[in-house]
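**Q** Handing you this structure, nothing more for now.
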Amino acid sequence: MSLTDTGTPDDLAGRHSSGDDRRRPGFSERLLAVRELSLLLALGALVLVTTLRNDRFLTGQSVKDLLLGCAILVILAVGQTLVIVTRNVDLSVGSILGLVAFCTGSLFLAAPGLPWPVALLLGVALGAVCGAVNGGLIAVAKVPALVITLGTLYAFRGIDYYWASGRQINAADMPRSFLRLGNQTVLGVPVLFLIAVVVVAVVGYYLRAYRGGRELYAIGSEPSAARLSGIPVGRRVFAVFVASGALAGLAGVLYAARFGTLDAAAGTGLELQVVAAAVVGGVAIFGGSGSAYGAALGAVLLTTIGSSLAVLRIDPFWQQAVVGALILAAIGLDRLLALRTAARLRGRSARGA
């Protein structure tokens with residue numbers, strides 16, 4: 001058996017033991033589906049309770065605001081999923097978002113007639129460059145991603161502050177067509193949320209259906225075994241940091257369109273919310289498990305919790321407490337599932353012997 005086969009370690013073991021397992025979802029995938037269903041149920045219950053307490057929570061404008069509020073977090077959480085699956089973490093996404101957002105506003109100041117799709121592409125490219133810096137430093141220095149991205153978090157934010165020099169860019173400085181992107185709707189659904197849905201669908205399909213995506217799970221499950229089996233671990237890890245940076249760049253451009261008013265503090269502290277959304281959504285912080293769909297649901301759930309507590313006039317402290325409890329519960333569940341999976345693998349090995 002080779003880890004270049006697609007699937008999580010439990011799936012790979014199942015395929016080794018029976019050819020029929022190639023046509024059935026693995027144990028880990030079934031558990032992941034159950035977790036995502038649980039998130040949906042929790043989200044539905046939260047919305048129901050809040051609506052019963054305040055029937056204005058589900059008005060058209062409230063739903064639009066909720067979808068707008070979670071769109072950027074969803075995009076960032078999906079990018080973070082790619083990184084965490086490989087047993088890494090990217091703490092610089094908030095700083096990349098802020099840098100790209102201010103860069104976008106500065107572009108419109110320097111070239112007022114610049115078409116917004118060009119600004120969008122340039123923002124994604126700048127984010128990808130920042131991600132390449134992260135990936136390159138991790139590959140060259142052989143230092144844990146936590147340390148490297150903590151350093152680049154401050155480095156990118158420092159560049160942003162130096163560039164801004166205390167200036168603020170206002171909505172009046174940017175084209176109306178670009179600002180409409182941040183609030184425009186299609187059949188009542190915000191365009192920003194539709195963009196986020198496309199990102200989730202593309203990344204989710206890649207992770208599930210492509211060999212390169214499945215190899216990311218093998219890397220996160222056991223990097224040494226993945227390397228020995230011929231997977232280009234270094235290139236794959238570099239690529240996920242570039243992808244995470246590119247998605248943070250996309251989020252930065254959309255942030256500029258959404259809020260209009262930009263300064264060097266944009267996106268400060270957002271990286272912790274992003275990691276929280278991914279972990280709550282079932283992406284194992286130890287790597288090797290999770291999906292883009294679960295991370296997106298985690299982002300929507302965290303955003304809904306914030307909105308619900310505000311509607312119910314509950315102290316914001318409890319929002320942080322609830323999020324912290326969800327993170328601890330998710331990590332505990334991941335550990336429990338890992339132990340159970342290991343026990344199943346040992347049982348299969350014993351039966352095979």
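So you can find residues: chains in the structure tokens are A, B, ... in the order shown, residues in each start at 1, and ligands are numbered from 1 in order.
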Please give the complete set of residues from range 214-291 of chain A that DSSP, run on the backbone, assigns to alpha helix (DSSP H), formatted as a VMD selection string.
**A** chain A and resid 214 to 221 223 to 228 233 to 259 270 to 280
**Q** Could you pull the residues within 12 Å of Ile331 in chain A, counting only C-alpha atoms, minus those fewer than 3 positions along the same chain, as a PyMOL selection string?
**A** chain A and resi 276+278-287+289+324-328+334-338
**Q** Using only C-alpha atoms, pick whichever of A:Ala299, A:Leu41, A:Ala132, A:Ala201 has the shortest atom-to-atom distance to Arg236 in chain A.
**A**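 Ranking A:Ala299, A:Leu41, A:Ala132, A:Ala201 by distance to Arg236 in chain A, first place goes to A:Ala132.
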**Q** At most 9 Å is the cut-off: for each residue in range 141-218 of chain A with any atom that close to an atom of range 51-64 of chain A, write down the nearest atom pair and the distance in Å rounded to one decimal, counting only C-alpha atoms, chain first then increasing number, as JSON lines.
**A**
{"residue": "A:Thr185", "atom": "CA", "partner": "A:Lys64", "partner_atom": "CA", "distance": 8.7}
{"residue": "A:Gly188", "atom": "CA", "partner": "A:Lys64", "partner_atom": "CA", "distance": 7.5}
{"residue": "A:Val189", "atom": "CA", "partner": "A:Lys64", "partner_atom": "CA", "distance": 6.8}
{"residue": "A:Pro190", "atom": "CA", "partner": "A:Lys64", "partner_atom": "CA", "distance": 6.6}
**Q** Restricting the output to C-alpha atoms, write the selected residues as a CSV table (one decimal), in the first residue's frame.
**A**
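Saved result, part-v2.csv, follows:
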chain,number,residue,atom,x,y,z
A,185,THR,CA,-27.3,41.0,-4.5
A,188,GLY,CA,-31.6,38.5,-2.7
A,189,VAL,CA,-28.3,36.7,-2.1
A,190,PRO,CA,-25.2,39.0,-1.7
**Q** If you measure from CA of Gly212 in chain A to CA of Asn88 in chain A, what distance in Å do you get, rounded to one decimal?
**A**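 Calculated distance between CA of Gly212 in chain A and CA of Asn88 in chain A is 16.8 Å.
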**Q** So, counting only C-alpha atoms, which residue among A:Leu297, A:Gly234, A:Leu228, A:Ser38 is closest to Val140 in chain A?
**A**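 Comparing A:Leu297, A:Gly234, A:Leu228, A:Ser38 against Val140 in chain A, the winner is A:Gly234.
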**Q** List the neighbours of Cys130 in chain A out to 9 Å using only C-alpha atoms; skip same-chain residues closer than 4 positions along the sequence, and give me the result as JSON, numbers by chain.
**A** {"A": [92, 96, 125, 126, 134, 135, 152, 156, 241, 242, 245, 246, 249]}
**Q** From the options A:Val311, A:Val202, A:Ile75, A:Ala101, which residue's atoms come nearest to Met174 in chain A, counting only C-alpha atoms?
**A**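 Of all the options, A:Ala101 lies closest to Met174 in chain A.
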**Q** Name the residues of range 117-303 of chain A that fall into strand (DSSP E or B) according to DSSP on the backbone, using the chain letters and numbers of this document, as a ChimeraX atom specification.
**A** /A:169,185-186,189-190,262
**Q** Next, the residues of the selection above should be written as a PDB file, in the first residue's frame with N, CA, C and O atoms.
**A**
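Okay, this is what ended up in part_23.pdb:
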ATOM      1  N   ILE A 169      -8.244  55.648   3.727  1.00  0.00           N
ATOM      2  CA  ILE A 169      -8.874  55.707   2.402  1.00  0.00           C
ATOM      3  C   ILE A 169     -10.372  55.549   2.595  1.00  0.00           C
ATOM      4  O   ILE A 169     -10.824  54.622   3.283  1.00  0.00           O
ATOM      5  N   THR A 185     -26.721  42.278  -4.722  1.00  0.00           N
ATOM      6  CA  THR A 185     -27.323  40.963  -4.497  1.00  0.00           C
ATOM      7  C   THR A 185     -27.806  40.364  -5.816  1.00  0.00           C
ATOM      8  O   THR A 185     -28.075  41.080  -6.775  1.00  0.00           O
ATOM      9  N   VAL A 186     -27.917  39.057  -5.840  1.00  0.00           N
ATOM     10  CA  VAL A 186     -28.510  38.324  -6.956  1.00  0.00           C
ATOM     11  C   VAL A 186     -29.624  37.462  -6.382  1.00  0.00           C
ATOM     12  O   VAL A 186     -29.360  36.551  -5.582  1.00  0.00           O
ATOM     13  N   VAL A 189     -29.473  37.272  -2.687  1.00  0.00           N
ATOM     14  CA  VAL A 189     -28.263  36.711  -2.065  1.00  0.00           C
ATOM     15  C   VAL A 189     -27.074  37.624  -2.394  1.00  0.00           C
ATOM     16  O   VAL A 189     -26.828  37.924  -3.561  1.00  0.00           O
ATOM     17  N   PRO A 190     -26.327  38.077  -1.389  1.00  0.00           N
ATOM     18  CA  PRO A 190     -25.191  38.970  -1.653  1.00  0.00           C
ATOM     19  C   PRO A 190     -24.156  38.324  -2.580  1.00  0.00           C
ATOM     20  O   PRO A 190     -23.866  37.130  -2.467  1.00  0.00           O
ATOM     21  N   LEU A 262     -10.817  52.310   4.724  1.00  0.00           N
ATOM     22  CA  LEU A 262      -9.665  51.435   4.937  1.00  0.00           C
ATOM     23  C   LEU A 262      -8.552  52.169   5.667  1.00  0.00           C
ATOM     24  O   LEU A 262      -8.281  53.336   5.403  1.00  0.00           O
TER      25      LEU A 262
END
**Q** With only C-alpha atoms as the basis for distance, which of A:Leu309, A:Ala172, A:Ala164, A:Val275 is at the shortest distance from Val74 in chain A?
**A**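 Looking only at the distances to Val74 in chain A, the closest residue turns out to be A:Val275.
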**Q** Please, what distance in Å, to one decimal, runs between CA of Phe238 in chain A and CA of Ala296 in chain A?
**A**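 A separation of 22.8 Å between them.
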